[in-house]
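Have a look at upload04.cif below; it lists mmCIF, N, CA and C atoms.
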data_target
loop_
_atom_site.label_atom_id
_atom_site.label_comp_id
_atom_site.auth_asym_id
_atom_site.auth_seq_id
_atom_site.Cartn_x
_atom_site.Cartn_y
_atom_site.Cartn_z
N GLN J 1 4.29 -20.40 28.17
CA GLN J 1 4.65 -19.01 27.95
C GLN J 1 6.03 -18.96 27.29
N VAL J 2 6.13 -18.18 26.22
CA VAL J 2 7.40 -18.13 25.51
C VAL J 2 8.41 -17.31 26.29
N GLN J 3 9.65 -17.76 26.26
CA GLN J 3 10.74 -17.06 26.91
C GLN J 3 11.95 -17.06 25.99
N LEU J 4 12.76 -16.03 26.13
CA LEU J 4 14.06 -15.99 25.45
C LEU J 4 15.14 -16.16 26.49
N ILE J 5 16.06 -17.06 26.22
CA ILE J 5 17.10 -17.36 27.17
C ILE J 5 18.46 -17.18 26.52
N GLU J 6 19.23 -16.22 27.05
CA GLU J 6 20.58 -15.98 26.54
C GLU J 6 21.59 -16.84 27.28
N SER J 7 22.65 -17.18 26.60
CA SER J 7 23.76 -17.91 27.21
C SER J 7 25.04 -17.59 26.45
N GLY J 8 26.17 -17.95 27.04
CA GLY J 8 27.44 -17.79 26.37
C GLY J 8 28.28 -16.62 26.85
N GLY J 9 27.74 -15.81 27.76
CA GLY J 9 28.52 -14.71 28.28
C GLY J 9 29.63 -15.20 29.19
N GLY J 10 30.49 -14.27 29.59
CA GLY J 10 31.57 -14.64 30.48
C GLY J 10 32.66 -13.59 30.51
N LEU J 11 33.79 -13.98 31.07
CA LEU J 11 34.95 -13.11 31.17
C LEU J 11 35.97 -13.52 30.12
N VAL J 12 36.45 -12.55 29.37
CA VAL J 12 37.43 -12.82 28.32
C VAL J 12 38.44 -11.69 28.26
N GLN J 13 39.63 -11.99 27.83
CA GLN J 13 40.65 -10.95 27.68
C GLN J 13 40.43 -10.18 26.38
N ALA J 14 40.92 -8.97 26.35
CA ALA J 14 40.83 -8.16 25.14
C ALA J 14 41.44 -8.91 23.97
N GLY J 15 40.74 -8.86 22.85
CA GLY J 15 41.17 -9.59 21.67
C GLY J 15 40.55 -10.96 21.54
N GLY J 16 39.90 -11.40 22.59
CA GLY J 16 39.28 -12.73 22.59
C GLY J 16 37.91 -12.74 21.93
N SER J 17 37.28 -13.91 21.98
CA SER J 17 35.99 -14.12 21.32
C SER J 17 35.01 -14.81 22.25
N LEU J 18 33.75 -14.55 22.01
CA LEU J 18 32.66 -15.25 22.67
C LEU J 18 31.54 -15.42 21.66
N ARG J 19 30.74 -16.45 21.86
CA ARG J 19 29.53 -16.62 21.05
C ARG J 19 28.33 -16.67 21.98
N LEU J 20 27.45 -15.72 21.82
CA LEU J 20 26.23 -15.70 22.59
C LEU J 20 25.13 -16.45 21.84
N SER J 21 24.27 -17.09 22.60
CA SER J 21 23.12 -17.78 22.03
C SER J 21 21.85 -17.23 22.65
N CYS J 22 20.81 -17.20 21.85
CA CYS J 22 19.49 -16.78 22.30
C CYS J 22 18.51 -17.86 21.85
N ALA J 23 17.98 -18.58 22.81
CA ALA J 23 17.08 -19.69 22.51
C ALA J 23 15.68 -19.34 22.96
N ALA J 24 14.71 -19.69 22.15
CA ALA J 24 13.31 -19.46 22.50
C ALA J 24 12.71 -20.75 23.04
N SER J 25 12.03 -20.61 24.14
CA SER J 25 11.31 -21.76 24.70
C SER J 25 9.83 -21.44 24.73
N GLY J 26 9.02 -22.45 24.58
CA GLY J 26 7.59 -22.23 24.64
C GLY J 26 6.93 -22.21 23.28
N ARG J 27 7.59 -21.62 22.32
CA ARG J 27 7.08 -21.65 20.95
C ARG J 27 8.21 -21.22 20.02
N THR J 28 8.02 -21.46 18.74
CA THR J 28 9.01 -21.07 17.78
C THR J 28 9.02 -19.55 17.59
N PHE J 29 10.17 -19.01 17.30
CA PHE J 29 10.21 -17.60 16.93
C PHE J 29 10.80 -17.45 15.53
N SER J 30 10.58 -18.50 14.72
CA SER J 30 11.12 -18.48 13.36
C SER J 30 10.47 -17.41 12.50
N ASN J 31 9.31 -16.88 12.91
CA ASN J 31 8.66 -15.80 12.17
C ASN J 31 9.00 -14.42 12.72
N SER J 32 9.86 -14.38 13.71
CA SER J 32 10.20 -13.11 14.36
C SER J 32 11.61 -12.67 14.01
N GLY J 33 11.77 -11.36 13.94
CA GLY J 33 13.12 -10.83 13.90
C GLY J 33 13.70 -10.89 15.31
N VAL J 34 15.01 -10.92 15.40
CA VAL J 34 15.67 -10.97 16.70
C VAL J 34 16.80 -9.95 16.73
N GLY J 35 16.87 -9.24 17.81
CA GLY J 35 17.93 -8.25 17.97
C GLY J 35 18.74 -8.52 19.21
N TRP J 36 19.98 -8.06 19.17
CA TRP J 36 20.84 -8.05 20.36
C TRP J 36 21.07 -6.59 20.75
N PHE J 37 20.92 -6.34 22.03
CA PHE J 37 21.19 -5.04 22.61
C PHE J 37 22.14 -5.23 23.78
N ARG J 38 22.77 -4.17 24.20
CA ARG J 38 23.64 -4.27 25.37
C ARG J 38 23.50 -3.03 26.23
N GLN J 39 23.78 -3.22 27.50
CA GLN J 39 23.68 -2.11 28.44
C GLN J 39 24.85 -2.18 29.42
N ALA J 40 25.66 -1.15 29.38
CA ALA J 40 26.76 -1.01 30.32
C ALA J 40 26.29 -0.22 31.53
N PRO J 41 26.94 -0.37 32.68
CA PRO J 41 26.53 0.37 33.88
C PRO J 41 26.46 1.87 33.64
N GLY J 42 25.34 2.47 34.02
CA GLY J 42 25.18 3.90 33.89
C GLY J 42 24.88 4.40 32.49
N LYS J 43 24.69 3.46 31.56
CA LYS J 43 24.43 3.86 30.16
C LYS J 43 23.09 3.34 29.68
N GLU J 44 22.61 3.92 28.61
CA GLU J 44 21.37 3.48 27.98
C GLU J 44 21.59 2.13 27.29
N ARG J 45 20.52 1.38 27.17
CA ARG J 45 20.58 0.13 26.41
C ARG J 45 20.73 0.50 24.94
N GLU J 46 21.70 -0.09 24.27
CA GLU J 46 21.98 0.28 22.89
C GLU J 46 21.90 -0.93 21.96
N PHE J 47 21.56 -0.63 20.73
CA PHE J 47 21.46 -1.64 19.68
C PHE J 47 22.84 -2.17 19.32
N VAL J 48 22.91 -3.48 19.11
CA VAL J 48 24.15 -4.12 18.68
C VAL J 48 23.98 -4.74 17.29
N SER J 49 22.97 -5.59 17.14
CA SER J 49 22.80 -6.27 15.87
C SER J 49 21.40 -6.86 15.81
N ALA J 50 20.91 -7.10 14.59
CA ALA J 50 19.59 -7.70 14.43
C ALA J 50 19.55 -8.51 13.16
N ILE J 51 18.59 -9.42 13.12
CA ILE J 51 18.43 -10.30 11.96
C ILE J 51 16.95 -10.49 11.70
N ASN J 52 16.57 -10.54 10.43
CA ASN J 52 15.15 -10.70 10.13
C ASN J 52 14.74 -12.16 10.29
N TRP J 53 13.46 -12.46 10.04
CA TRP J 53 12.95 -13.79 10.35
C TRP J 53 13.62 -14.89 9.54
N SER J 54 14.00 -14.59 8.31
CA SER J 54 14.57 -15.64 7.46
C SER J 54 16.09 -15.69 7.53
N GLY J 55 16.68 -14.68 8.12
CA GLY J 55 18.14 -14.68 8.27
C GLY J 55 18.90 -14.08 7.11
N ASP J 56 18.20 -13.55 6.12
CA ASP J 56 18.91 -13.02 4.95
C ASP J 56 19.16 -11.52 5.03
N ILE J 57 18.65 -10.88 6.07
CA ILE J 57 18.91 -9.45 6.27
C ILE J 57 19.41 -9.25 7.69
N THR J 58 20.54 -8.58 7.80
CA THR J 58 21.11 -8.31 9.12
C THR J 58 21.50 -6.85 9.23
N TYR J 59 21.55 -6.39 10.45
CA TYR J 59 21.97 -5.02 10.76
C TYR J 59 23.00 -5.09 11.88
N VAL J 60 23.99 -4.23 11.81
CA VAL J 60 25.05 -4.24 12.80
C VAL J 60 25.40 -2.80 13.15
N ALA J 61 25.56 -2.52 14.43
CA ALA J 61 25.95 -1.18 14.85
C ALA J 61 27.37 -0.89 14.38
N ASP J 62 27.62 0.37 14.08
CA ASP J 62 28.94 0.76 13.60
C ASP J 62 30.04 0.40 14.60
N SER J 63 29.71 0.45 15.88
CA SER J 63 30.72 0.22 16.91
C SER J 63 31.23 -1.23 16.92
N VAL J 64 30.48 -2.15 16.32
CA VAL J 64 30.89 -3.55 16.34
C VAL J 64 31.03 -4.13 14.93
N LYS J 65 30.84 -3.30 13.93
CA LYS J 65 30.91 -3.77 12.55
C LYS J 65 32.29 -4.34 12.25
N GLY J 66 32.29 -5.49 11.60
CA GLY J 66 33.56 -6.15 11.28
C GLY J 66 34.06 -7.05 12.39
N ARG J 67 33.44 -6.96 13.58
CA ARG J 67 33.86 -7.79 14.71
C ARG J 67 32.77 -8.75 15.15
N PHE J 68 31.51 -8.32 15.09
CA PHE J 68 30.38 -9.13 15.53
C PHE J 68 29.58 -9.61 14.33
N THR J 69 29.08 -10.83 14.42
CA THR J 69 28.25 -11.40 13.36
C THR J 69 27.03 -12.07 13.97
N ILE J 70 25.87 -11.74 13.44
CA ILE J 70 24.63 -12.35 13.91
C ILE J 70 24.19 -13.41 12.91
N SER J 71 23.62 -14.49 13.42
CA SER J 71 23.10 -15.55 12.55
C SER J 71 21.98 -16.26 13.29
N ARG J 72 21.25 -17.09 12.57
CA ARG J 72 20.18 -17.83 13.23
C ARG J 72 20.04 -19.21 12.62
N ASP J 73 19.54 -20.12 13.42
CA ASP J 73 19.23 -21.48 12.99
C ASP J 73 17.79 -21.72 13.42
N ASN J 74 16.85 -21.55 12.50
CA ASN J 74 15.44 -21.68 12.85
C ASN J 74 15.07 -23.12 13.21
N ALA J 75 15.82 -24.06 12.70
CA ALA J 75 15.54 -25.46 13.06
C ALA J 75 15.83 -25.69 14.55
N LYS J 76 16.78 -24.92 15.08
CA LYS J 76 17.12 -25.03 16.51
C LYS J 76 16.48 -23.93 17.34
N ASN J 77 15.70 -23.06 16.66
CA ASN J 77 15.02 -21.98 17.39
C ASN J 77 16.02 -21.12 18.16
N THR J 78 17.15 -20.84 17.53
CA THR J 78 18.25 -20.16 18.22
C THR J 78 18.87 -19.10 17.31
N VAL J 79 19.22 -17.98 17.92
CA VAL J 79 19.97 -16.92 17.25
C VAL J 79 21.31 -16.77 17.96
N TYR J 80 22.34 -16.51 17.17
CA TYR J 80 23.69 -16.41 17.71
C TYR J 80 24.28 -15.03 17.47
N LEU J 81 25.19 -14.65 18.36
CA LEU J 81 25.99 -13.45 18.15
C LEU J 81 27.45 -13.84 18.36
N GLN J 82 28.18 -13.94 17.27
CA GLN J 82 29.60 -14.23 17.35
C GLN J 82 30.35 -12.93 17.54
N MET J 83 31.12 -12.86 18.62
CA MET J 83 31.82 -11.63 18.96
C MET J 83 33.33 -11.90 18.95
N ASN J 84 34.01 -11.25 18.03
CA ASN J 84 35.46 -11.40 17.91
C ASN J 84 36.16 -10.08 18.24
N SER J 85 37.44 -10.17 18.48
CA SER J 85 38.26 -8.98 18.77
C SER J 85 37.60 -8.12 19.84
N LEU J 86 37.17 -8.75 20.90
CA LEU J 86 36.47 -8.04 21.97
C LEU J 86 37.38 -7.03 22.64
N GLN J 87 36.79 -5.92 23.02
CA GLN J 87 37.50 -4.83 23.67
C GLN J 87 36.82 -4.50 25.00
N PRO J 88 37.55 -3.88 25.93
CA PRO J 88 36.94 -3.54 27.22
C PRO J 88 35.65 -2.74 27.09
N GLU J 89 35.54 -1.93 26.07
CA GLU J 89 34.31 -1.13 25.89
C GLU J 89 33.12 -1.97 25.46
N ASP J 90 33.35 -3.24 25.16
CA ASP J 90 32.24 -4.15 24.85
C ASP J 90 31.63 -4.75 26.12
N THR J 91 32.22 -4.46 27.26
CA THR J 91 31.70 -4.97 28.53
C THR J 91 30.30 -4.42 28.79
N ALA J 92 29.36 -5.33 29.01
CA ALA J 92 27.96 -4.95 29.21
C ALA J 92 27.14 -6.20 29.47
N VAL J 93 25.90 -5.99 29.84
CA VAL J 93 24.92 -7.07 29.83
C VAL J 93 24.30 -7.10 28.44
N TYR J 94 24.30 -8.25 27.82
CA TYR J 94 23.78 -8.41 26.48
C TYR J 94 22.41 -9.07 26.54
N TYR J 95 21.45 -8.45 25.85
CA TYR J 95 20.08 -8.94 25.83
C TYR J 95 19.69 -9.30 24.40
N CYS J 96 18.94 -10.38 24.27
CA CYS J 96 18.29 -10.63 22.98
C CYS J 96 16.80 -10.32 23.13
N ALA J 97 16.19 -10.00 22.01
CA ALA J 97 14.79 -9.61 22.03
C ALA J 97 14.16 -9.97 20.70
N ALA J 98 12.85 -10.17 20.73
CA ALA J 98 12.11 -10.54 19.53
C ALA J 98 11.25 -9.38 19.06
N THR J 99 11.14 -9.28 17.76
CA THR J 99 10.33 -8.22 17.15
C THR J 99 9.57 -8.77 15.97
N ASN J 100 8.53 -8.08 15.57
CA ASN J 100 7.84 -8.47 14.35
C ASN J 100 8.79 -8.29 13.16
N SER J 101 8.63 -9.15 12.18
CA SER J 101 9.53 -9.11 11.03
C SER J 101 8.73 -9.21 9.75
N ALA J 102 8.76 -8.15 8.95
CA ALA J 102 8.03 -8.11 7.69
C ALA J 102 8.92 -7.47 6.63
N THR J 103 8.59 -7.70 5.39
CA THR J 103 9.39 -7.19 4.29
C THR J 103 9.53 -5.67 4.35
N ARG J 104 8.47 -4.99 4.84
CA ARG J 104 8.48 -3.53 4.84
C ARG J 104 9.41 -2.96 5.90
N HIS J 105 9.81 -3.78 6.87
CA HIS J 105 10.62 -3.25 7.96
C HIS J 105 12.03 -2.94 7.51
N THR J 106 12.51 -1.81 8.01
CA THR J 106 13.84 -1.35 7.63
C THR J 106 14.72 -1.28 8.86
N ALA J 107 15.89 -0.70 8.67
CA ALA J 107 16.83 -0.59 9.79
C ALA J 107 16.21 0.21 10.95
N THR J 108 15.39 1.18 10.62
CA THR J 108 14.75 1.99 11.67
C THR J 108 13.97 1.11 12.63
N HIS J 109 13.29 0.12 12.09
CA HIS J 109 12.51 -0.81 12.91
C HIS J 109 13.44 -1.66 13.76
N TYR J 110 14.40 -2.30 13.14
CA TYR J 110 15.22 -3.29 13.84
C TYR J 110 16.18 -2.67 14.85
N THR J 111 16.54 -1.43 14.68
CA THR J 111 17.51 -0.82 15.59
C THR J 111 16.85 -0.12 16.78
N SER J 112 15.54 -0.06 16.80
CA SER J 112 14.84 0.62 17.89
C SER J 112 14.37 -0.38 18.93
N LYS J 113 14.83 -0.21 20.16
CA LYS J 113 14.44 -1.15 21.22
C LYS J 113 12.95 -1.09 21.50
N ASN J 114 12.29 0.00 21.15
CA ASN J 114 10.85 0.12 21.39
C ASN J 114 10.03 -0.79 20.47
N GLU J 115 10.64 -1.33 19.43
CA GLU J 115 9.93 -2.21 18.50
C GLU J 115 9.97 -3.67 18.95
N TYR J 116 10.62 -3.96 20.05
CA TYR J 116 10.78 -5.34 20.50
C TYR J 116 9.77 -5.65 21.61
N TYR J 117 9.11 -6.80 21.49
CA TYR J 117 8.01 -7.10 22.41
C TYR J 117 8.36 -8.15 23.45
N LEU J 118 9.49 -8.80 23.30
CA LEU J 118 9.86 -9.87 24.23
C LEU J 118 11.36 -9.81 24.44
N TRP J 119 11.78 -9.83 25.70
CA TRP J 119 13.19 -9.70 26.04
C TRP J 119 13.65 -10.87 26.90
N GLY J 120 14.93 -11.23 26.73
CA GLY J 120 15.54 -12.20 27.61
C GLY J 120 16.04 -11.52 28.88
N GLN J 121 16.61 -12.31 29.75
CA GLN J 121 17.05 -11.81 31.05
C GLN J 121 18.45 -11.20 31.00
N GLY J 122 19.17 -11.44 29.92
CA GLY J 122 20.49 -10.87 29.75
C GLY J 122 21.61 -11.80 30.18
N THR J 123 22.78 -11.61 29.57
CA THR J 123 23.96 -12.36 29.94
C THR J 123 25.14 -11.39 30.01
N GLN J 124 25.94 -11.53 31.05
CA GLN J 124 27.04 -10.60 31.28
C GLN J 124 28.24 -10.95 30.41
N VAL J 125 28.78 -9.94 29.75
CA VAL J 125 30.03 -10.07 29.02
C VAL J 125 31.02 -9.08 29.63
N THR J 126 32.16 -9.59 30.08
CA THR J 126 33.18 -8.75 30.67
C THR J 126 34.49 -8.96 29.92
N VAL J 127 35.05 -7.87 29.42
CA VAL J 127 36.30 -7.95 28.67
C VAL J 127 37.39 -7.23 29.48
N SER J 128 38.41 -7.97 29.85
CA SER J 128 39.49 -7.37 30.63
C SER J 128 40.61 -6.89 29.71
N SER J 129 41.27 -5.83 30.14
CA SER J 129 42.35 -5.26 29.31
C SER J 129 43.69 -5.90 29.63
#
Full structure transcribed into structure tokens:
Amino acid sequence: QVQLIESGGGLVQAGGSLRLSCAASGRTFSNSGVGWFRQAPGKEREFVSAINWSGDITYVADSVKGRFTISRDNAKNTVYLQMNSLQPEDTAVYYCAATNSATRHTATHYTSKNEYYLWGQGTQVTVSS
């Protein structure tokens, strides 16, 4: 059974960096788009960033644009989220998820959590001020 496993979360001071990883076990997800979402206590799960199956199209939420970068290594079956200049408002549980990925798909597809069919268990990111 395929699973997505996030890692790389932790506690960091404001201005610091973390790199999250999302690894697929059970089968390759090189044909799938992958998104990162986050959920802070008492808030809705929100879109952070996404990447298409080949890695040449990415989407980033305005709140993290210029600070977060998504990438993937299909040979390693892993997607990364590099997070720089972290701020306390970035504190949340970060989830990766897999979605279908086709040429016709646009930002509307990749930014909607309802389009994702497989989710990881999440990794906590805490940014102290």
**OP:** May I ask which of the residues J:Val34, J:Ala50, J:Ala40, J:Ala23 is the closest one to Ala98 (chain J), counting all atoms listed in the file?
**Re:**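 When distances to Ala98 (chain J) are compared using all atoms listed in the file, the smallest one comes from J:Val34.
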For the interface of region 17-109 of chain J with region 115-121 of chain J (cut-off 8 Å, counting all atoms listed in the file), please tabulate each contacting residue of region 17-109 of chain J alongside its nearest pair of atoms and their separation in Å to one decimal, rows sorted by chain and increasing number, as a Markdown table.
| residue | atom | partner | partner_atom | distance |
| --- | --- | --- | --- | --- |
| J:Gly35 | N | J:Tyr116 | CA | 7.7 |
| J:Val93 | C | J:Gln121 | C | 7.6 |
| J:Tyr94 | C | J:Gln121 | C | 6.3 |
| J:Tyr95 | C | J:Gly120 | N | 5.6 |
| J:Cys96 | C | J:Gly120 | N | 4.2 |
| J:Ala97 | CA | J:Leu118 | C | 4.2 |
| J:Ala98 | N | J:Leu118 | C | 4.0 |
| J:Thr99 | CA | J:Tyr116 | CA | 4.4 |
| J:Asn100 | N | J:Glu115 | C | 5.7 |
| J:Thr108 | C | J:Glu115 | CA | 7.9 |
| J:His109 | C | J:Glu115 | CA | 5.9 |
**OP:** Mind giving me the straight-line distance from CA of Gly10 (chain J) to CA of Met83 (chain J) in Å, one decimal?
**Re:** 11.9 Å
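Between atom C of Thr111 (chain J) and atom N of Thr91 (chain J) the interatomic distance comes to 19.1 Å.
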Original post:
Please, what distance in Å, to one decimal, runs between atom N of Tyr110 (chain J) and CA of Ile70 (chain J)?
Top reply: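 If I compute the distance from atom N of Tyr110 (chain J) to CA of Ile70 (chain J), I get 14.4 Å.
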Original post:
With distances taken over only C-alpha atoms, which of J:Asn77, J:Gln3, J:Asn84, J:Ser25 is nearest to Ser54 (chain J)?
Top reply: J:Asn77
Original post:
Which of region 25-124 of chain J counts as helix (DSSP H, G or I) under DSSP, as a count of residues only please?
Top reply: 13
